[in-house]
>>> print(open('data-v9.pdb').read())   # PDB, C-alpha atoms and all ligand atoms
ATOM      1  CA  MET A1113     121.320  68.533  58.936  1.00  0.00           C
ATOM      2  CA  LYS A1114     120.286  71.330  61.248  1.00  0.00           C
ATOM      3  CA  LEU A1115     117.958  74.299  61.173  1.00  0.00           C
ATOM      4  CA  ILE A1116     119.711  77.298  62.618  1.00  0.00           C
ATOM      5  CA  VAL A1117     117.236  79.829  63.973  1.00  0.00           C
ATOM      6  CA  ALA A1118     118.838  83.139  64.851  1.00  0.00           C
ATOM      7  CA  ILE A1119     117.146  86.168  66.372  1.00  0.00           C
ATOM      8  CA  VAL A1120     119.124  89.340  65.714  1.00  0.00           C
ATOM      9  CA  ARG A1121     118.757  93.105  65.843  1.00  0.00           C
ATOM     10  CA  PRO A1122     117.106  94.493  62.660  1.00  0.00           C
ATOM     11  CA  GLU A1123     119.899  97.057  62.286  1.00  0.00           C
ATOM     12  CA  LYS A1124     122.418  94.198  62.145  1.00  0.00           C
ATOM     13  CA  LEU A1125     120.659  92.313  59.356  1.00  0.00           C
ATOM     14  CA  ASN A1126     122.813  93.637  56.498  1.00  0.00           C
ATOM     15  CA  ASP A1127     126.032  92.820  58.358  1.00  0.00           C
ATOM     16  CA  VAL A1128     124.723  89.333  59.151  1.00  0.00           C
ATOM     17  CA  LEU A1129     123.756  88.684  55.524  1.00  0.00           C
ATOM     18  CA  GLU A1130     127.181  89.821  54.350  1.00  0.00           C
ATOM     19  CA  ALA A1131     128.932  87.577  56.883  1.00  0.00           C
ATOM     20  CA  LEU A1132     126.772  84.600  55.895  1.00  0.00           C
ATOM     21  CA  PHE A1133     127.503  85.233  52.222  1.00  0.00           C
ATOM     22  CA  LYS A1134     131.251  85.303  52.954  1.00  0.00           C
ATOM     23  CA  ALA A1135     130.882  82.025  54.862  1.00  0.00           C
ATOM     24  CA  GLU A1136     129.228  80.596  51.725  1.00  0.00           C
ATOM     25  CA  VAL A1137     125.916  80.101  53.486  1.00  0.00           C
ATOM     26  CA  ARG A1138     123.153  80.588  50.924  1.00  0.00           C
ATOM     27  CA  GLY A1139     119.581  79.392  51.501  1.00  0.00           C
ATOM     28  CA  LEU A1140     117.734  81.240  54.229  1.00  0.00           C
ATOM     29  CA  THR A1141     114.375  82.672  55.282  1.00  0.00           C
ATOM     30  CA  ILE A1142     113.968  85.959  57.128  1.00  0.00           C
ATOM     31  CA  SER A1143     110.997  87.263  59.120  1.00  0.00           C
ATOM     32  CA  ARG A1144     110.330  90.378  61.153  1.00  0.00           C
ATOM     33  CA  VAL A1145     109.271  89.288  64.621  1.00  0.00           C
ATOM     34  CA  LEU A1146     108.498  90.665  68.054  1.00  0.00           C
ATOM     35  CA  GLY A1147     110.450  89.117  70.881  1.00  0.00           C
ATOM     36  CA  HIS A1148     111.112  89.177  74.571  1.00  0.00           C
ATOM     37  CA  GLY A1149     114.523  88.169  75.895  1.00  0.00           C
ATOM     38  CA  GLY A1150     113.530  87.436  79.471  1.00  0.00           C
ATOM     39  CA  GLY A1151     114.790  90.631  81.022  1.00  0.00           C
ATOM     40  CA  THR A1152     112.154  92.253  83.221  1.00  0.00           C
ATOM     41  CA  GLU A1153     111.425  95.901  83.500  1.00  0.00           C
ATOM     42  CA  ARG A1154     109.839  97.244  86.668  1.00  0.00           C
ATOM     43  CA  VAL A1155     106.994  99.665  86.159  1.00  0.00           C
ATOM     44  CA  GLU A1156     105.537 101.838  88.892  1.00  0.00           C
ATOM     45  CA  THR A1157     101.738 101.909  89.029  1.00  0.00           C
ATOM     46  CA  TYR A1158      99.531 103.624  91.584  1.00  0.00           C
ATOM     47  CA  ARG A1159      98.937 100.268  93.315  1.00  0.00           C
ATOM     48  CA  GLY A1160     102.643  99.409  93.518  1.00  0.00           C
ATOM     49  CA  THR A1161     105.318  97.912  91.347  1.00  0.00           C
ATOM     50  CA  THR A1162     104.573  95.451  88.569  1.00  0.00           C
ATOM     51  CA  VAL A1163     106.746  93.794  85.975  1.00  0.00           C
ATOM     52  CA  LYS A1164     106.284  94.563  82.311  1.00  0.00           C
ATOM     53  CA  MET A1165     107.173  92.092  79.596  1.00  0.00           C
ATOM     54  CA  GLY A1166     108.418  94.398  76.865  1.00  0.00           C
ATOM     55  CA  LEU A1167     108.352  93.288  73.236  1.00  0.00           C
ATOM     56  CA  TYR A1168     111.102  94.348  70.852  1.00  0.00           C
ATOM     57  CA  GLU A1169     111.382  94.263  67.068  1.00  0.00           C
ATOM     58  CA  LYS A1170     113.855  91.628  65.981  1.00  0.00           C
ATOM     59  CA  VAL A1171     114.675  89.731  62.806  1.00  0.00           C
ATOM     60  CA  LYS A1172     114.481  85.953  62.685  1.00  0.00           C
ATOM     61  CA  LEU A1173     116.704  84.021  60.299  1.00  0.00           C
ATOM     62  CA  GLU A1174     116.024  80.372  59.537  1.00  0.00           C
ATOM     63  CA  ILE A1175     118.894  78.605  57.810  1.00  0.00           C
ATOM     64  CA  GLY A1176     118.878  74.929  56.851  1.00  0.00           C
ATOM     65  CA  VAL A1177     122.449  73.614  56.670  1.00  0.00           C
ATOM     66  CA  SER A1178     124.430  70.414  56.375  1.00  0.00           C
ATOM     67  CA  ASP A1179     126.403  69.490  59.507  1.00  0.00           C
ATOM     68  CA  ALA A1180     129.670  70.909  58.120  1.00  0.00           C
ATOM     69  CA  PHE A1181     128.044  74.348  57.917  1.00  0.00           C
ATOM     70  CA  VAL A1182     126.733  74.534  61.475  1.00  0.00           C
ATOM     71  CA  GLU A1183     129.848  76.008  63.101  1.00  0.00           C
ATOM     72  CA  PRO A1184     130.747  78.395  60.230  1.00  0.00           C
ATOM     73  CA  THR A1185     127.153  79.688  60.260  1.00  0.00           C
ATOM     74  CA  ILE A1186     127.144  80.239  64.025  1.00  0.00           C
ATOM     75  CA  ARG A1187     130.548  81.963  63.848  1.00  0.00           C
ATOM     76  CA  ALA A1188     129.405  84.281  61.039  1.00  0.00           C
ATOM     77  CA  ILE A1189     126.306  85.302  63.013  1.00  0.00           C
ATOM     78  CA  LEU A1190     128.233  85.839  66.258  1.00  0.00           C
ATOM     79  CA  GLU A1191     130.844  88.010  64.576  1.00  0.00           C
ATOM     80  CA  SER A1192     128.342  90.130  62.678  1.00  0.00           C
ATOM     81  CA  ALA A1193     125.390  90.447  65.075  1.00  0.00           C
ATOM     82  CA  ARG A1194     127.139  91.213  68.356  1.00  0.00           C
ATOM     83  CA  THR A1195     127.199  94.704  69.844  1.00  0.00           C
ATOM     84  CA  GLY A1196     127.946  93.537  73.393  1.00  0.00           C
ATOM     85  CA  GLU A1197     124.793  95.219  74.722  1.00  0.00           C
ATOM     86  CA  VAL A1198     121.836  93.294  76.109  1.00  0.00           C
ATOM     87  CA  GLY A1199     119.356  92.328  73.416  1.00  0.00           C
ATOM     88  CA  ASP A1200     121.869  91.076  70.831  1.00  0.00           C
ATOM     89  CA  GLY A1201     119.745  87.972  70.330  1.00  0.00           C
ATOM     90  CA  LYS A1202     120.125  84.233  70.362  1.00  0.00           C
ATOM     91  CA  ILE A1203     120.944  81.276  68.132  1.00  0.00           C
ATOM     92  CA  PHE A1204     119.054  77.988  68.319  1.00  0.00           C
ATOM     93  CA  VAL A1205     120.221  74.839  66.538  1.00  0.00           C
ATOM     94  CA  LEU A1206     117.460  72.328  65.778  1.00  0.00           C
ATOM     95  CA  PRO A1207     117.784  68.825  64.352  1.00  0.00           C
ATOM     96  CA  VAL A1208     116.277  68.385  60.887  1.00  0.00           C
ATOM     97  CA  GLU A1209     114.807  65.051  59.879  1.00  0.00           C
ATOM     98  CA  LYS A1210     114.418  65.571  56.170  1.00  0.00           C
ATOM     99  CA  VAL A1211     114.804  68.212  53.470  1.00  0.00           C
ATOM    100  CA  VAL A1212     113.349  67.960  49.974  1.00  0.00           C
ATOM    101  CA  ARG A1213     114.087  70.294  47.056  1.00  0.00           C
ATOM    102  CA  ILE A1214     110.701  70.519  45.421  1.00  0.00           C
ATOM    103  CA  ARG A1215     111.921  71.083  41.841  1.00  0.00           C
ATOM    104  CA  THR A1216     114.090  67.978  41.642  1.00  0.00           C
ATOM    105  CA  GLY A1217     112.926  65.778  44.476  1.00  0.00           C
ATOM    106  CA  GLU A1218     116.516  65.739  45.810  1.00  0.00           C
ATOM    107  CA  GLU A1219     116.687  64.973  49.493  1.00  0.00           C
ATOM    108  CA  ASP A1220     118.718  65.872  52.564  1.00  0.00           C
ATOM    109  CA  GLU A1221     122.372  66.916  51.967  1.00  0.00           C
ATOM    110  CA  ALA A1222     121.760  67.265  48.212  1.00  0.00           C
ATOM    111  CA  ALA A1223     118.718  69.419  48.899  1.00  0.00           C
ATOM    112  CA  VAL A1224     120.562  71.883  51.155  1.00  0.00           C
ATOM    113  CA  THR A1225     123.499  72.235  48.770  1.00  0.00           C
ATOM    114  CA  PRO A1226     122.884  75.438  46.828  1.00  0.00           C
ATOM    115  CA  VAL A1227     122.535  75.274  43.045  1.00  0.00           C
ATOM    116  CA  PRO A1228     124.796  78.003  41.578  1.00  0.00           C
ATOM    117  CA  SER A1229     123.189  80.960  39.787  1.00  0.00           C
ATOM    118  CA  GLU A1230     119.691  79.989  40.760  1.00  0.00           C
ATOM    119  CA  PRO A1231     117.505  82.978  41.682  1.00  0.00           C
ATOM    120  CA  GLY A1232     114.770  82.803  44.286  1.00  0.00           C
TER     121      GLY A1232
HETATM  122  N1  LIG B1301     114.484  81.640  75.300  1.00  0.00           N
HETATM  123  C1  LIG B1301     114.108  82.239  74.182  1.00  0.00           C
HETATM  124  N2  LIG B1301     113.201  81.661  73.370  1.00  0.00           N
HETATM  125  C2  LIG B1301     112.810  82.253  72.230  1.00  0.00           C
HETATM  126  N3  LIG B1301     113.281  83.434  71.806  1.00  0.00           N
HETATM  127  C3  LIG B1301     114.173  84.061  72.585  1.00  0.00           C
HETATM  128  C4  LIG B1301     114.640  83.506  73.802  1.00  0.00           C
HETATM  129  N4  LIG B1301     115.532  84.359  74.348  1.00  0.00           N
HETATM  130  C5  LIG B1301     115.634  85.382  73.493  1.00  0.00           C
HETATM  131  N5  LIG B1301     114.813  85.199  72.440  1.00  0.00           N
HETATM  132  C6  LIG B1301     114.636  86.083  71.301  1.00  0.00           C
HETATM  133  O1  LIG B1301     115.822  86.849  71.126  1.00  0.00           O
HETATM  134  C7  LIG B1301     115.521  88.238  71.255  1.00  0.00           C
HETATM  135  C8  LIG B1301     116.674  88.920  71.917  1.00  0.00           C
HETATM  136  O2  LIG B1301     116.892  88.304  73.169  1.00  0.00           O
HETATM  137  P1  LIG B1301     118.023  88.858  74.122  1.00  0.00           P
HETATM  138  O3  LIG B1301     119.242  89.141  73.301  1.00  0.00           O
HETATM  139  O4  LIG B1301     117.469  89.972  74.931  1.00  0.00           O
HETATM  140  O5  LIG B1301     118.281  87.554  75.014  1.00  0.00           O
HETATM  141  P2  LIG B1301     118.865  87.530  76.474  1.00  0.00           P
HETATM  142  O6  LIG B1301     118.943  86.105  76.872  1.00  0.00           O
HETATM  143  O7  LIG B1301     118.065  88.469  77.311  1.00  0.00           O
HETATM  144  O8  LIG B1301     120.342  88.080  76.287  1.00  0.00           O
HETATM  145  P3  LIG B1301     120.912  89.497  76.780  1.00  0.00           P
HETATM  146  O9  LIG B1301     121.192  89.330  78.235  1.00  0.00           O
HETATM  147  O10 LIG B1301     122.132  89.697  75.965  1.00  0.00           O
HETATM  148  O11 LIG B1301     119.863  90.526  76.501  1.00  0.00           O
HETATM  149  C9  LIG B1301     114.226  88.272  72.037  1.00  0.00           C
HETATM  150  O12 LIG B1301     113.538  89.469  71.798  1.00  0.00           O
HETATM  151  C10 LIG B1301     113.505  87.061  71.491  1.00  0.00           C
HETATM  152  O13 LIG B1301     112.976  87.355  70.219  1.00  0.00           O
HETATM  153 MG    MG B1302     117.806  90.480  76.988  1.00  0.00          MG
END
>>> encode(input="data-v9.pdb", output="structure tokens")
Amino acid sequence: MKLIVAIVRPEKLNDVLEALFKAEVRGLTISRVLGHGGGTERVETYRGTTVKMGLYEKVKLEIGVSDAFVEPTIRAILESARTGEVGDGKIFVLPVEKVVRIRTGEEDEAAVTPVPSEPG
């Protein structure tokens, strides 16, 4: 299992959610975050030139998936979140040691398999 952490543009969130839904990816968590991509911006001050680390509003998606869903999830995000301009974001894939569905106590693969027609 992996945790896919994707940072995307807020204005792309609806497209990303639609693409994930089509790829049959279900459980996810979304947060509004501030981020810095590493690009530096030079700012003139009266003492000379300094570098400013600008912060930009982004959306973070955290998606726990079984191994078979890693590539489809990445593909769905790439296809839906890309504009081709700098600042499109990044995808991190982290190993996951254990997942537990609290209601049932199911673990790992069983716990990341969505239960149909379950709200929340
Ligand atoms: N190395 C990183 N670690 C954590 N978060 C990052 C990292 N790089 C980018 N991010 C997050 O992704 C957001 C968008 O980054 P961005 O797309 O600018 O990355 P980039 O590497 O500069 O690519 P690009 O050249 O396309 O701009 C950042 O605001 C930040 O939230
Ligand atoms: Mg950047």
>>> closest_residue(input="data-v9.pdb", among="A:Val1198, A:Ala1180, A:Ala1131, A:Leu1125", to="A:His1148", atoms="only C-alpha atoms")
A:Val1198
>>> resolve_selection(input="data-v9.pdb", expression="the PyMOL selection byres (((chain A and resi 1175) around 8) and not hetatm)", output="PyMOL selection string")
chain A and resi 1115-1117+1139-1141+1173-1174+1176-1177
>>> write_last_selection(input="data-v9.pdb", atoms="C-alpha atoms", output="PDB file, in the frame of the given file")
ATOM      1  CA  LEU A1115     117.958  74.299  61.173  1.00  0.00           C
ATOM      2  CA  ILE A1116     119.711  77.298  62.618  1.00  0.00           C
ATOM      3  CA  VAL A1117     117.236  79.829  63.973  1.00  0.00           C
ATOM      4  CA  GLY A1139     119.581  79.392  51.501  1.00  0.00           C
ATOM      5  CA  LEU A1140     117.734  81.240  54.229  1.00  0.00           C
ATOM      6  CA  THR A1141     114.375  82.672  55.282  1.00  0.00           C
ATOM      7  CA  LEU A1173     116.704  84.021  60.299  1.00  0.00           C
ATOM      8  CA  GLU A1174     116.024  80.372  59.537  1.00  0.00           C
ATOM      9  CA  GLY A1176     118.878  74.929  56.851  1.00  0.00           C
ATOM     10  CA  VAL A1177     122.449  73.614  56.670  1.00  0.00           C
TER      11      VAL A1177
END
>>> residues_near_ligand(input="data-v9.pdb", ligand="ligand MG 1302 (chain B)", cutoff="9 Å", atoms="all atoms listed in the file", output="number ranges by chain")
A: 1148-1152, 1197-1201
>>> residues_around(input="data-v9.pdb", residues="stretch 1160-1172 of chain A", least_positions_apart="2", cutoff="7 Å", atoms="all atoms listed in the file", output="JSON, numbers by chain")
{"A": [1117, 1118, 1119, 1120, 1121, 1122, 1142, 1143, 1144, 1145, 1146, 1147, 1148, 1152, 1153, 1154, 1155, 1156, 1157, 1158, 1174]}
>>> axis_aligned_box(input="data-v9.pdb", around="ligand LIG 1301 (chain B)", padding_each_side="4 Å", output="AutoDock Vina command-line options")
--center_x 117.5 --center_y 86.1 --center_z 74.2 --size_x 17.3 --size_y 16.9 --size_z 16.0
>>> atom_distance(input="data-v9.pdb", atom1="atom CA of A:Asp1179", atom2="atom CA of A:Glu1221")
8.9 Å
>>> resolve_selection(input="data-v9.pdb", expression="the PyMOL selection byres (((chain A and resi 1208) around 6) and not hetatm)", output="list in words")
Met1113, Lys1114, Pro1207, Glu1209 and Lys1210 of chain A
>>> write_last_selection(input="data-v9.pdb", atoms="C-alpha atoms", output="compact mmCIF listing (two decimals), in the frame of the given file")
# COMPACT_ATOMS: atom_id res chain seq x y z
CA MET A 1113 121.32 68.53 58.94
CA LYS A 1114 120.29 71.33 61.25
CA PRO A 1207 117.78 68.82 64.35
CA GLU A 1209 114.81 65.05 59.88
CA LYS A 1210 114.42 65.57 56.17
>>> closest_residue(input="data-v9.pdb", among="A:Val1211, A:Ala1193, A:Val1182, A:Ala1223", to="ligand LIG 1301 (chain B)", atoms="all atoms listed in the file")
A:Ala1193
>>> closest_residue(input="data-v9.pdb", among="A:Val1227, A:Val1137, A:Ile1186, A:Ile1203", to="ligand LIG 1301 (chain B)", atoms="only C-alpha atoms and all ligand atoms")
A:Ile1203
>>> closest_residue(input="data-v9.pdb", among="A:Asp1127, A:Arg1194, A:Ile1214, A:Leu1132", to="ligand LIG 1301 (chain B)", atoms="all atoms listed in the file")
A:Arg1194
>>> atom_distance(input="data-v9.pdb", atom1="atom CA of A:Pro1228", atom2="atom CA of A:Val1205")
25.6 Å
>>> atom_distance(input="data-v9.pdb", atom1="atom CA of A:Glu1183", atom2="atom CA of A:Glu1218")
24.1 Å
